[in-house]
$ cat coords.txt   # compact mmCIF, C-alpha atoms
# COMPACT_ATOMS: atom_id res chain seq x y z
CA MET C 1 31.35 1.71 -42.79
CA VAL C 2 28.73 1.52 -45.53
CA ILE C 3 26.36 4.40 -46.27
CA LEU C 4 25.03 6.06 -49.38
CA ILE C 5 22.20 8.55 -49.39
CA SER C 6 20.95 10.14 -52.61
CA ALA C 7 21.51 13.88 -53.00
CA SER C 8 19.47 16.58 -54.72
CA ARG C 9 20.18 20.30 -54.37
CA LEU C 10 16.60 21.39 -54.97
CA SER C 11 14.44 18.92 -53.13
CA GLY C 12 16.40 16.08 -51.62
CA THR C 13 19.27 15.31 -49.33
CA ILE C 14 22.83 16.62 -49.14
CA VAL C 15 25.24 14.21 -47.53
CA GLU C 16 27.91 15.47 -45.18
CA TYR C 17 30.05 12.53 -44.10
CA LYS C 18 31.92 13.08 -40.83
CA SER C 19 34.40 10.53 -39.57
CA ASP C 20 37.84 10.32 -38.03
CA PHE C 21 38.94 7.64 -40.48
CA ASN C 22 38.57 6.91 -44.21
CA ASP C 23 35.78 4.59 -45.34
CA ASP C 24 34.56 3.62 -48.75
CA ILE C 25 30.92 4.22 -49.57
CA HIS C 26 29.86 0.94 -51.16
CA GLY C 27 26.14 1.20 -51.72
CA ILE C 28 22.68 1.75 -50.38
CA ILE C 29 21.77 -0.17 -47.23
CA LEU C 30 18.82 -0.19 -44.85
CA MET C 31 19.92 0.94 -41.41
CA PRO C 32 18.10 0.45 -38.10
CA MET C 33 16.60 3.45 -36.39
CA LEU C 34 15.47 4.60 -32.98
CA LEU C 35 12.51 6.88 -32.26
CA PHE C 36 12.70 8.78 -28.97
CA MET C 37 11.94 12.03 -27.15
CA PRO C 38 15.05 13.00 -25.17
CA TRP C 39 13.48 15.99 -23.39
CA CYS C 40 10.32 14.20 -22.21
CA ILE C 41 10.19 12.63 -18.74
CA LEU C 42 6.93 10.68 -18.65
CA ASP C 43 5.16 9.63 -15.48
CA ARG C 44 4.31 6.23 -17.03
CA ALA C 45 3.80 4.36 -20.30
CA TYR C 46 1.04 5.38 -22.73
CA ASP C 47 -0.65 3.55 -25.61
CA VAL C 48 -1.23 5.81 -28.61
CA GLY C 49 -2.82 3.88 -31.45
CA GLU C 50 -0.22 1.68 -33.10
CA ILE C 51 2.65 2.95 -30.95
CA GLU C 52 3.69 3.04 -27.32
CA ILE C 53 5.50 5.89 -25.62
CA LEU C 54 7.57 4.45 -22.80
CA PRO C 55 9.55 6.10 -19.99
CA PHE C 56 13.22 5.12 -20.15
CA GLU C 57 16.06 5.60 -17.68
CA ARG C 58 19.64 5.11 -18.76
CA ASP C 59 21.62 2.36 -17.04
CA ALA C 60 18.43 0.96 -15.51
CA ALA C 61 16.38 -2.14 -16.27
CA PHE C 62 14.07 -1.83 -19.27
CA ALA C 63 11.77 -4.80 -19.72
CA GLU C 64 10.86 -3.87 -23.29
CA CYS C 65 14.09 -5.20 -24.86
CA ASP C 66 16.93 -7.68 -24.39
CA GLU C 67 20.35 -6.87 -22.94
CA ALA C 68 22.00 -6.29 -26.34
CA VAL C 69 19.39 -3.73 -27.39
CA LEU C 70 19.57 -2.11 -23.95
CA ARG C 71 23.33 -1.65 -24.34
CA ASP C 72 22.78 -0.03 -27.73
CA LEU C 73 20.13 2.29 -26.27
CA ASN C 74 22.42 3.41 -23.45
CA THR C 75 25.24 4.07 -25.91
CA LEU C 76 23.16 5.97 -28.46
CA LEU C 77 21.26 8.08 -25.92
CA ALA C 78 24.42 9.14 -24.10
CA ALA C 79 24.85 11.89 -26.72
CA TYR C 80 21.78 13.78 -25.40
CA LYS C 81 22.86 16.12 -22.65
CA THR C 82 21.51 18.27 -19.86
CA ILE C 83 22.52 21.93 -19.70
CA GLN C 84 25.21 20.82 -17.23
CA GLY C 85 26.73 18.62 -19.94
CA GLU C 86 25.70 15.28 -18.43
CA SER C 87 23.82 12.62 -20.37
CA VAL C 88 20.09 12.83 -19.74
CA ARG C 89 19.03 9.99 -17.46
CA LYS C 90 15.29 9.96 -18.09
CA LEU C 91 13.54 10.29 -21.44
CA ALA C 92 10.85 8.63 -23.56
CA ILE C 93 11.14 5.86 -26.14
CA VAL C 94 8.65 5.59 -29.03
CA ARG C 95 8.12 2.16 -30.53
CA TYR C 96 5.55 0.22 -32.50
CA LYS C 97 3.66 -2.23 -30.31
CA GLY C 98 5.23 -5.66 -30.18
CA ARG C 99 8.43 -4.52 -31.88
CA SER C 100 11.91 -3.66 -30.69
CA PRO C 101 12.70 0.01 -29.91
CA ILE C 102 15.48 -0.33 -32.52
CA ASP C 103 13.91 -1.41 -35.77
CA ASP C 104 13.77 -0.82 -39.52
CA LEU C 105 10.81 1.44 -40.24
CA SER C 106 9.35 2.66 -43.51
CA ASP C 107 8.74 6.33 -44.28
CA ASP C 108 5.00 5.73 -43.84
CA GLN C 109 5.56 4.20 -40.40
CA ILE C 110 7.71 7.12 -39.34
CA GLY C 111 5.05 9.52 -40.61
CA THR C 112 2.38 7.67 -38.63
CA ALA C 113 4.55 7.84 -35.51
CA TYR C 114 4.91 11.61 -35.94
CA ASP C 115 1.12 11.98 -36.25
CA LEU C 116 0.49 9.92 -33.11
CA VAL C 117 3.15 11.82 -31.16
CA THR C 118 1.32 15.00 -32.23
CA LEU C 119 -1.78 13.66 -30.45
CA ALA C 120 0.27 12.74 -27.37
CA THR C 121 1.78 16.24 -27.36
CA PHE C 122 -1.69 17.78 -27.40
CA ALA C 123 -2.78 15.48 -24.57
CA GLY C 124 0.22 16.70 -22.56
CA LEU C 125 -0.56 20.35 -23.26
CA SER C 126 -4.18 19.77 -22.28
CA ALA C 127 -3.06 18.52 -18.85
CA ARG C 128 -1.04 21.66 -18.04
CA GLU C 129 -1.72 23.54 -14.82
CA PHE C 130 -1.62 27.28 -15.47
CA PHE C 131 -0.71 29.85 -12.81
CA ASN C 132 0.75 27.12 -10.56
CA ALA C 133 4.52 27.16 -10.19
CA ILE C 134 4.62 23.68 -8.63
CA GLY C 135 1.90 22.13 -10.80
CA SER C 136 2.30 19.86 -13.82
CA TYR C 137 3.46 21.87 -16.82
CA CYS C 138 5.01 21.17 -20.21
CA ASN C 139 5.43 22.69 -23.66
CA SER C 140 5.30 21.10 -27.09
CA ASP C 141 9.09 21.21 -27.55
CA CYS C 142 9.38 18.70 -24.69
CA PHE C 143 7.75 16.17 -27.02
CA THR C 144 10.15 16.67 -29.93
CA MET C 145 10.66 13.23 -31.46
CA TYR C 146 14.05 12.35 -32.91
CA VAL C 147 14.52 9.65 -35.54
CA GLN C 148 18.10 8.46 -35.15
CA THR C 149 19.46 6.25 -37.90
CA PHE C 150 22.67 4.30 -37.42
CA GLU C 151 24.61 1.34 -38.77
CA ASP C 152 26.20 0.43 -35.46
CA THR C 153 26.62 2.16 -32.11
CA THR C 154 29.90 3.79 -33.12
CA HIS C 155 28.38 6.20 -35.64
CA THR C 156 25.07 8.00 -36.06
CA ALA C 157 23.36 9.83 -38.90
CA LEU C 158 21.92 13.23 -37.99
CA THR C 159 19.38 14.80 -40.35
CA THR C 160 18.84 18.57 -40.37
CA ARG C 161 16.36 20.53 -42.46
CA ARG C 162 17.29 23.00 -45.17
CA ARG C 163 14.97 25.32 -47.06
CA GLU C 164 15.52 23.27 -50.24
CA GLY C 165 15.58 19.86 -48.59
CA SER C 166 17.58 18.28 -45.79
CA GLN C 167 21.13 17.38 -44.89
CA VAL C 168 22.40 14.18 -43.34
CA SER C 169 25.63 14.21 -41.36
CA VAL C 170 27.30 10.99 -40.21
CA TRP C 171 29.26 11.42 -37.00
CA PRO C 172 31.13 9.21 -34.53
CA ILE C 173 28.66 8.76 -31.68
CA ASP C 174 31.18 9.85 -29.03
CA GLY C 175 31.71 13.13 -30.90
CA VAL C 176 28.09 14.25 -30.72
CA ALA C 177 26.47 16.34 -27.99
CA MET C 178 22.80 17.35 -28.29
CA VAL C 179 21.91 19.74 -25.45
CA VAL C 180 18.41 20.19 -24.05
CA PRO C 181 16.77 23.55 -24.90
CA PRO C 182 16.60 25.69 -21.73
CA HIS C 183 12.80 25.96 -21.87
CA CYS C 184 12.58 22.14 -21.84
CA HIS C 185 15.15 21.73 -19.08
CA THR C 186 12.86 23.38 -16.53
CA VAL C 187 9.97 20.96 -17.19
CA ARG C 188 9.60 18.18 -14.68
CA THR C 189 7.69 14.90 -15.05
CA VAL C 190 5.01 15.09 -17.74
CA ASN C 191 1.62 13.44 -17.62
CA LEU C 192 -0.86 13.12 -20.47
CA ASP C 193 -4.61 13.64 -20.49
CA GLU C 194 -5.29 9.96 -21.12
CA GLU C 195 -9.07 10.29 -21.60
CA LEU C 196 -8.54 12.95 -24.27
CA LEU C 197 -5.77 10.90 -25.89
CA GLY C 198 -8.01 7.84 -26.10
CA ALA C 199 -10.83 9.90 -27.60
CA LEU C 200 -8.49 11.32 -30.25
CA VAL C 201 -7.21 7.86 -31.19
CA LYS C 202 -10.84 6.73 -31.49
CA LYS C 203 -11.64 9.80 -33.60
CA ARG C 204 -8.69 9.04 -35.87
CA SER C 205 -9.91 5.51 -36.56
CA GLY C 206 -13.55 6.49 -37.17
CA ALA C 207 -13.46 9.86 -38.94
CA ASN C 208 -13.36 10.25 -42.70
CA THR C 209 -10.15 11.46 -44.30
CA ASN C 210 -11.20 15.10 -44.69
CA GLU C 211 -12.51 15.41 -41.15
CA TRP C 212 -9.46 13.83 -39.56
CA SER C 213 -7.13 15.94 -41.71
CA ARG C 214 -8.87 19.04 -40.32
CA TRP C 215 -8.52 17.79 -36.75
CA LEU C 216 -4.87 16.82 -37.13
CA SER C 217 -4.00 20.13 -38.80
CA SER C 218 -5.75 22.08 -36.04
CA ILE C 219 -3.99 20.14 -33.29
CA SER C 220 -0.63 20.54 -35.03
CA CYS C 221 -1.11 24.31 -35.26
CA PHE C 222 -2.05 24.45 -31.59
CA ASN C 223 1.07 22.48 -30.64
CA GLN C 224 3.28 24.77 -32.72
CA ALA C 225 1.79 27.77 -30.91
CA ASN C 226 2.83 26.31 -27.54
CA THR C 227 6.56 25.67 -27.81
CA ASP C 228 7.61 28.24 -25.16
CA SER C 229 10.62 28.86 -27.40
CA GLU C 230 12.12 32.35 -27.41
CA GLY C 231 12.67 31.84 -31.14
CA VAL C 232 8.93 31.93 -31.89
CA ARG C 233 7.38 35.38 -31.96
CA PRO C 234 4.09 35.85 -30.04
CA GLN C 235 2.53 37.18 -33.25
CA SER C 236 3.25 33.85 -34.95
CA GLU C 237 1.71 32.00 -32.00
CA TRP C 238 -1.34 34.25 -32.32
CA VAL C 239 -1.84 33.35 -36.00
CA LEU C 240 -1.36 29.64 -35.29
CA LEU C 241 -3.82 29.65 -32.37
CA CYS C 242 -6.48 31.51 -34.34
CA GLY C 243 -6.09 29.16 -37.27
CA ALA C 244 -6.28 26.16 -34.98
CA LEU C 245 -9.54 27.36 -33.42
CA GLN C 246 -11.10 28.34 -36.74
CA HIS C 247 -10.38 24.99 -38.38
CA LEU C 248 -11.34 22.92 -35.35
CA LEU C 249 -14.66 24.78 -35.11
CA ASN C 250 -15.05 24.38 -38.89
CA ALA C 251 -16.07 28.04 -38.96
CA GLY C 252 -16.06 30.56 -41.77
CA SER C 253 -13.25 33.03 -42.35
CA LYS C 254 -14.96 36.05 -40.75
CA ASP C 255 -14.39 37.03 -37.13
CA LYS C 256 -18.12 37.00 -36.34
CA ALA C 257 -18.49 33.46 -37.69
CA VAL C 258 -15.60 32.12 -35.60
CA ALA C 259 -16.82 34.00 -32.51
CA THR C 260 -20.33 32.59 -32.91
CA GLU C 261 -19.04 29.02 -33.16
CA LEU C 262 -16.90 29.45 -30.03
CA HIS C 263 -19.83 31.06 -28.17
CA ASP C 264 -21.99 28.04 -28.98
CA ALA C 265 -19.27 25.51 -28.06
CA LEU C 266 -18.28 26.84 -24.63
CA VAL C 267 -21.45 27.43 -22.63
CA PRO C 268 -20.93 28.10 -18.90
CA ILE C 269 -23.53 27.86 -16.14
CA ARG C 270 -22.98 31.53 -15.31
CA GLU C 271 -22.82 33.44 -18.60
CA ILE C 272 -21.42 36.97 -18.66
CA LEU C 273 -22.98 39.32 -21.20
CA ILE C 274 -21.23 42.42 -22.52
CA GLY C 275 -23.84 44.60 -20.85
CA ALA C 276 -22.73 43.32 -17.43
CA ALA C 277 -19.03 42.86 -18.22
CA LYS C 278 -16.35 44.43 -16.07
CA ARG C 279 -13.91 44.31 -18.97
CA ARG C 280 -15.13 45.85 -22.21
CA LEU C 281 -14.44 48.48 -24.84
CA PRO C 282 -16.66 51.55 -25.36
CA ASN C 283 -17.36 50.55 -28.98
CA TRP C 284 -18.95 47.23 -28.02
CA THR C 285 -22.56 48.03 -28.84
CA ASP C 286 -24.29 44.63 -28.73
CA GLU C 287 -24.72 44.19 -25.00
CA THR C 288 -26.60 40.90 -25.46
CA LYS C 289 -23.48 39.13 -26.75
CA SER C 290 -21.30 37.15 -24.36
CA VAL C 291 -17.79 38.07 -23.21
CA ARG C 292 -16.43 34.88 -24.77
CA TYR C 293 -17.94 35.96 -28.10
CA ALA C 294 -16.32 39.40 -27.76
CA TRP C 295 -12.97 37.82 -26.90
CA MET C 296 -12.95 35.46 -29.88
CA LYS C 297 -14.08 38.21 -32.25
CA GLU C 298 -11.24 40.47 -31.10
CA PHE C 299 -8.69 37.63 -31.09
CA TYR C 300 -9.54 36.55 -34.62
CA GLY C 301 -9.97 40.11 -35.89
CA ILE C 302 -6.47 41.19 -34.85
CA ARG C 303 -5.07 37.99 -36.38
CA GLY C 304 -5.41 39.61 -39.81
CA ASP C 305 -2.81 42.25 -38.97
CA PHE C 306 -0.26 39.68 -37.81
CA ALA C 307 -1.02 37.28 -40.66
CA HIS C 308 -0.29 40.06 -43.16
CA GLY C 309 3.18 40.72 -41.80
CA ARG C 310 2.56 43.41 -39.21
CA LEU C 311 4.23 43.01 -35.81
CA ASN C 312 1.91 45.55 -34.21
CA THR C 313 -1.75 46.39 -34.54
CA GLN C 314 -3.50 49.73 -34.30
CA ARG C 315 -6.82 48.16 -33.41
CA PRO C 316 -8.21 48.88 -29.95
CA ALA C 317 -8.08 45.79 -27.74
CA ALA C 318 -9.65 44.83 -24.43
CA TRP C 319 -6.98 42.19 -23.79
CA THR C 320 -3.19 42.33 -24.03
CA LEU C 321 -1.22 40.17 -26.44
CA HIS C 322 -0.19 37.64 -23.80
CA GLU C 323 -3.65 37.56 -22.21
CA HIS C 324 -5.05 36.62 -25.60
CA LEU C 325 -2.50 33.81 -25.98
CA VAL C 326 -3.30 32.39 -22.54
CA LEU C 327 -7.04 32.49 -23.21
CA GLY C 328 -6.53 30.83 -26.60
CA SER C 329 -4.41 28.09 -25.04
CA ILE C 330 -7.12 27.36 -22.45
CA ALA C 331 -9.97 27.54 -24.97
CA PHE C 332 -8.65 25.19 -27.65
CA PRO C 333 -8.52 21.96 -25.58
CA LEU C 334 -11.98 22.79 -24.18
CA VAL C 335 -13.37 23.21 -27.68
CA ALA C 336 -11.80 19.91 -28.78
CA LYS C 337 -13.30 18.09 -25.79
CA THR C 338 -16.70 19.68 -26.38
CA LEU C 339 -16.75 18.55 -30.02
CA LEU C 340 -15.61 15.05 -29.04
CA ARG C 341 -18.33 14.93 -26.40
CA GLN C 342 -20.95 15.97 -28.96
CA SER C 343 -19.89 13.08 -31.22
CA GLY C 344 -20.02 10.59 -28.32
CA GLU C 345 -16.26 10.01 -28.18
CA TYR C 346 -15.52 11.77 -24.87
CA GLU C 347 -17.09 12.41 -21.49
CA PHE C 348 -16.36 15.63 -19.64
CA THR C 349 -14.42 15.23 -16.39
CA HIS C 350 -15.08 17.37 -13.34
CA ASP C 351 -12.01 19.45 -14.19
CA ASP C 352 -13.34 20.01 -17.72
CA GLU C 353 -16.60 21.31 -16.24
CA VAL C 354 -14.68 23.61 -13.92
CA GLN C 355 -12.51 25.00 -16.72
CA GLN C 356 -15.47 25.56 -19.05
CA ASN C 357 -17.29 27.46 -16.30
CA SER C 358 -14.15 29.45 -15.45
CA PHE C 359 -13.07 30.58 -18.92
CA GLU C 360 -15.44 33.50 -19.40
CA SER C 361 -14.93 34.73 -15.82
CA LEU C 362 -11.16 34.75 -16.36
CA ALA C 363 -11.60 36.70 -19.61
CA ASP C 364 -13.70 39.26 -17.70
CA THR C 365 -11.00 39.71 -15.03
CA ALA C 366 -8.68 42.71 -15.31
CA ASN C 367 -4.91 42.02 -15.37
CA PHE C 368 -5.45 38.31 -14.74
CA LEU C 369 -1.83 37.49 -15.56
CA ARG C 370 -0.74 39.36 -12.43
CA PRO C 371 -1.22 38.09 -8.87
CA PRO C 372 -4.47 39.22 -7.24
CA ASP C 373 -4.53 42.11 -4.83
CA GLU C 374 -4.03 40.79 -1.30
CA GLN C 375 -2.72 37.51 -2.66
CA GLN C 376 -3.28 34.63 -0.25
CA GLY C 377 -0.13 32.52 -0.67
CA GLY C 378 1.98 31.62 -3.66
CA LEU C 379 -0.68 29.42 -5.27
CA ASP C 380 -3.35 32.12 -5.22
CA SER C 381 -4.19 33.52 -8.67
CA HIS C 382 -7.13 34.95 -10.57
CA TRP C 383 -7.42 31.57 -12.34
CA ALA C 384 -7.59 29.74 -9.01
CA ARG C 385 -10.24 32.14 -7.76
CA VAL C 386 -12.53 31.85 -10.79
CA ARG C 387 -12.11 28.08 -10.69
CA GLN C 388 -13.18 28.07 -7.05
CA GLN C 389 -16.27 30.08 -7.96
CA ALA C 390 -16.98 27.71 -10.84
CA GLN C 391 -16.81 24.71 -8.52
CA HIS C 392 -19.36 26.42 -6.28
CA ASP C 393 -21.63 27.12 -9.27
CA ILE C 394 -21.40 23.48 -10.36
CA ARG C 395 -22.28 22.19 -6.89
CA VAL C 396 -25.28 24.56 -6.73
CA ALA C 397 -26.44 23.46 -10.18
CA GLU C 398 -26.10 19.79 -9.23
CA ALA C 399 -28.06 20.37 -6.02
CA MET C 400 -30.83 22.14 -7.94
CA ARG C 401 -31.02 19.29 -10.47
CA ALA C 402 -31.21 16.77 -7.65
CA PHE C 403 -33.92 18.78 -5.90
CA GLU C 404 -35.88 19.04 -9.15
CA ALA C 405 -35.59 15.30 -9.72
CA ILE C 406 -36.96 14.63 -6.24
CA ARG C 407 -39.79 17.10 -6.78
CA VAL C 408 -40.77 15.49 -10.09
CA ALA C 409 -40.63 12.01 -8.55
CA GLN C 410 -42.86 13.12 -5.66
CA GLU C 411 -45.39 14.67 -8.03
CA GLU C 412 -45.48 11.49 -10.09
CA GLU C 413 -45.96 9.45 -6.92
CA ARG C 414 -48.84 11.67 -5.78
CA SER C 415 -50.41 11.45 -9.24
CA VAL C 416 -50.32 7.65 -9.10
CA GLU C 417 -51.83 7.62 -5.60
CA SER C 418 -54.67 9.94 -6.66
CA GLU C 419 -55.61 7.57 -9.42
$ encode --input "coords.txt" --output "structure tokens"
Amino acid sequence: MVILISASRLSGTIVEYKSDFNDDIHGIILMPMLLFMPWCILDRAYDVGEIEILPFERDAAFAECDEAVLRDLNTLLAAYKTIQGESVRKLAIVRYKGRSPIDDLSDDQIGTAYDLVTLATFAGLSAREFFNAIGSYCNSDCFTMYVQTFEDTTHTALTTRRREGSQVSVWPIDGVAMVVPPHCHTVRTVNLDEELLGALVKKRSGANTNEWSRWLSSISCFNQANTDSEGVRPQSEWVLLCGALQHLLNAGSKDKAVATELHDALVPIREILIGAAKRRLPNWTDETKSVRYAWMKEFYGIRGDFAHGRLNTQRPAAWTLHEHLVLGSIAFPLVAKTLLRQSGEYEFTHDDEVQQNSFESLADTANFLRPPDEQQGGLDSHWARVRQQAQHDIRVAEAMRAFEAIRVAQEEERSVESE
């Protein structure tokens, strides 16, 4: 076996060579690599800029490669296990278009693949169905991409991060077992918001460097706030979500500035002002402000406590910690779609319209994380109820616009006849 990787204690790589036999390390070589997401079961293939993300099933036909590559894939991916200890059967392969799934890739190409998978992850999170136990759901850890380097299918090189760098361990492939995180194991087939994904890819190709850097950073922070991992504290998710919203909105650093930008971005048909709100604090004095403004101002204001190392806040709050995180996770994709629509890169879907017109009503609902009183079946929730009301509001608004269009046309017709 031939492998040599440079080592540096402070900023580079430490090599840990694991094998059951003695080999000489002769020199530096370029080894093939495989990019894949072992915990992601996709509903179908997706194009994401320069790459494709393809559903793969072990020991099944895969038209994207020849038989030799398919054998290598089945051997390499056998090391990734379910919680029962069996090799995962379905996962996702990441490859550059027109190239083999197993290929030599540069650091820049790997970096680009990570960026594009970040967009795909966001598109998956955007398609989540909240408060629906049987609906489509995922978390960002499901989209974790592994870059597996190997010389042949008998050994693999595993890279792990260290505070001062990283460490590469070379192991016999049959001695490795990578087990799915429990919070990824429960996720079923994942689908992506393809319209949003296409708009983001278009944005990436057309935006200037500074603008796209802001978008990618915001999306990355949002993804990191939605891992569902028990190892991530809710306070950390709070800081990440607030930062994601602030940067995406390109707002100032003050809570009022961020709240104003969110207020202007998410405008429902039926606006709820603080003066008419069912959910409010006694110290809210400006009754002409909207509930969504009040929510964002509180969300971003409390962020300062968590960002400065406190695990608890003494500030009065109208919403609980987890209510804030749910609202933030619903708001961010809506803000992104609104900004993309304003720049002509995205068209709102009916579901987008429903969610935008439901957000403020959900925020104004007490204890919306709990089932409603007199719950009507397992799928009934406060979110489902406000969405139903939003659909009604949209239909009424569409009917009124249609009626107005008919009225204007009739007036124009009468005006022409009178001439």
$ residues_around --input "coords.txt" --residues "Gln109 (chain C)" --least-positions-apart "6" --cutoff "12 Å" --atoms "all atoms listed in the file" --output "compact mmCIF listing (two decimals) with C-alpha atoms, keeping the file's coordinate frame"
# COMPACT_ATOMS: atom_id res chain seq x y z
CA MET C 33 16.60 3.45 -36.39
CA LEU C 35 12.51 6.88 -32.26
CA GLU C 50 -0.22 1.68 -33.10
CA ILE C 51 2.65 2.95 -30.95
CA VAL C 94 8.65 5.59 -29.03
CA ARG C 95 8.12 2.16 -30.53
CA TYR C 96 5.55 0.22 -32.50
CA ASP C 103 13.91 -1.41 -35.77
CA ASP C 115 1.12 11.98 -36.25
CA LEU C 116 0.49 9.92 -33.11
CA VAL C 147 14.52 9.65 -35.54
$ closest_residue --input "coords.txt" --among "C:Leu196, C:Gln246, C:Ile134, C:Lys97" --to "Thr349 (chain C)" --atoms "all atoms listed in the file"
C:Leu196
$ closest_residue --input "coords.txt" --among "C:Gly49, C:Asp72, C:Thr82, C:Ala127" --to "Thr154 (chain C)" --atoms "all atoms listed in the file"
C:Asp72
$ atom_distance --input "coords.txt" --atom1 "CA of Ile406 (chain C)" --atom2 "CA of Gly344 (chain C)"
28.1 Å
$ closest_residue --input "coords.txt" --among "C:Tyr137, C:Tyr346, C:Phe131, C:Trp171" --to "Arg385 (chain C)" --atoms "only C-alpha atoms"
C:Phe131
$ axis_aligned_box --input "coords.txt" --around "region 376-391 of chain C" --padding-each-side "8 Å" --output "lines of an AutoDock Vina configuration file"
center_x = -7.5
center_y = 29.8
center_z = -6.3
size_x = 35.0
size_y = 26.2
size_z = 28.1
$ closest_residue --input "coords.txt" --among "C:Arg279, C:Arg128, C:Arg387, C:His382" --to "Ala317 (chain C)" --atoms "all atoms listed in the file"
C:Arg279
$ atom_distance --input "coords.txt" --atom1 "CA of Ala225 (chain C)" --atom2 "CA of Trp238 (chain C)"
7.3 Å
$ atom_distance --input "coords.txt" --atom1 "CA of Val88 (chain C)" --atom2 "CA of Pro38 (chain C)"
7.4 Å
$ closest_residue --input "coords.txt" --among "C:Leu70, C:Leu369, C:Ala363, C:Leu281" --to "Arg315 (chain C)" --atoms "all atoms listed in the file"
C:Leu281
$ residues_around --input "coords.txt" --residues "region 377-380 of chain C" --least-positions-apart "3" --cutoff "12 Å" --atoms "all atoms listed in the file" --output "number ranges by chain"
C: 129-135, 368-374, 383-388
$ write_last_selection --input "coords.txt" --atoms "C-alpha atoms" --output "PDB file, in the frame of the given file"
ATOM      1  CA  GLU C 129      -1.720  23.540 -14.820  1.00  0.00           C
ATOM      2  CA  PHE C 130      -1.620  27.280 -15.470  1.00  0.00           C
ATOM      3  CA  PHE C 131      -0.710  29.850 -12.810  1.00  0.00           C
ATOM      4  CA  ASN C 132       0.750  27.120 -10.560  1.00  0.00           C
ATOM      5  CA  ALA C 133       4.520  27.160 -10.190  1.00  0.00           C
ATOM      6  CA  ILE C 134       4.620  23.680  -8.630  1.00  0.00           C
ATOM      7  CA  GLY C 135       1.900  22.130 -10.800  1.00  0.00           C
ATOM      8  CA  PHE C 368      -5.450  38.310 -14.740  1.00  0.00           C
ATOM      9  CA  LEU C 369      -1.830  37.490 -15.560  1.00  0.00           C
ATOM     10  CA  ARG C 370      -0.740  39.360 -12.430  1.00  0.00           C
ATOM     11  CA  PRO C 371      -1.220  38.090  -8.870  1.00  0.00           C
ATOM     12  CA  PRO C 372      -4.470  39.220  -7.240  1.00  0.00           C
ATOM     13  CA  ASP C 373      -4.530  42.110  -4.830  1.00  0.00           C
ATOM     14  CA  GLU C 374      -4.030  40.790  -1.300  1.00  0.00           C
ATOM     15  CA  TRP C 383      -7.420  31.570 -12.340  1.00  0.00           C
ATOM     16  CA  ALA C 384      -7.590  29.740  -9.010  1.00  0.00           C
ATOM     17  CA  ARG C 385     -10.240  32.140  -7.760  1.00  0.00           C
ATOM     18  CA  VAL C 386     -12.530  31.850 -10.790  1.00  0.00           C
ATOM     19  CA  ARG C 387     -12.110  28.080 -10.690  1.00  0.00           C
ATOM     20  CA  GLN C 388     -13.180  28.070  -7.050  1.00  0.00           C
TER      21      GLN C 388
END
$ residues_around --input "coords.txt" --residues "region 40-48 of chain C" --least-positions-apart "4" --cutoff "7 Å" --atoms "only C-alpha atoms" --output "VMD selection string"
chain C and resid 52 to 55 90 to 92 116 142 to 143 188 to 191 201
$ closest_atom_pairs --input "coords.txt" --of "region 297-354 of chain C" --to "region 251-262 of chain C" --cutoff "8 Å" --atoms "all atoms listed in the file" --output "tab-separated table"
residue	atom	partner	partner_atom	distance
C:Lys297	CA	C:Ala259	CA	5.0
C:Glu298	CA	C:Asp255	CA	7.6
C:Tyr300	CA	C:Asp255	CA	5.5
C:Gly301	CA	C:Asp255	CA	5.5
C:Val335	CA	C:Leu262	CA	7.5
$ residues_near_point --input "coords.txt" --point "(20.8, 9.8, -15.0)" --cutoff "12 Å" --atoms "all atoms listed in the file" --output "PyMOL selection string"
chain C and resi 41+56-60+74+77-78+80-82+85-91
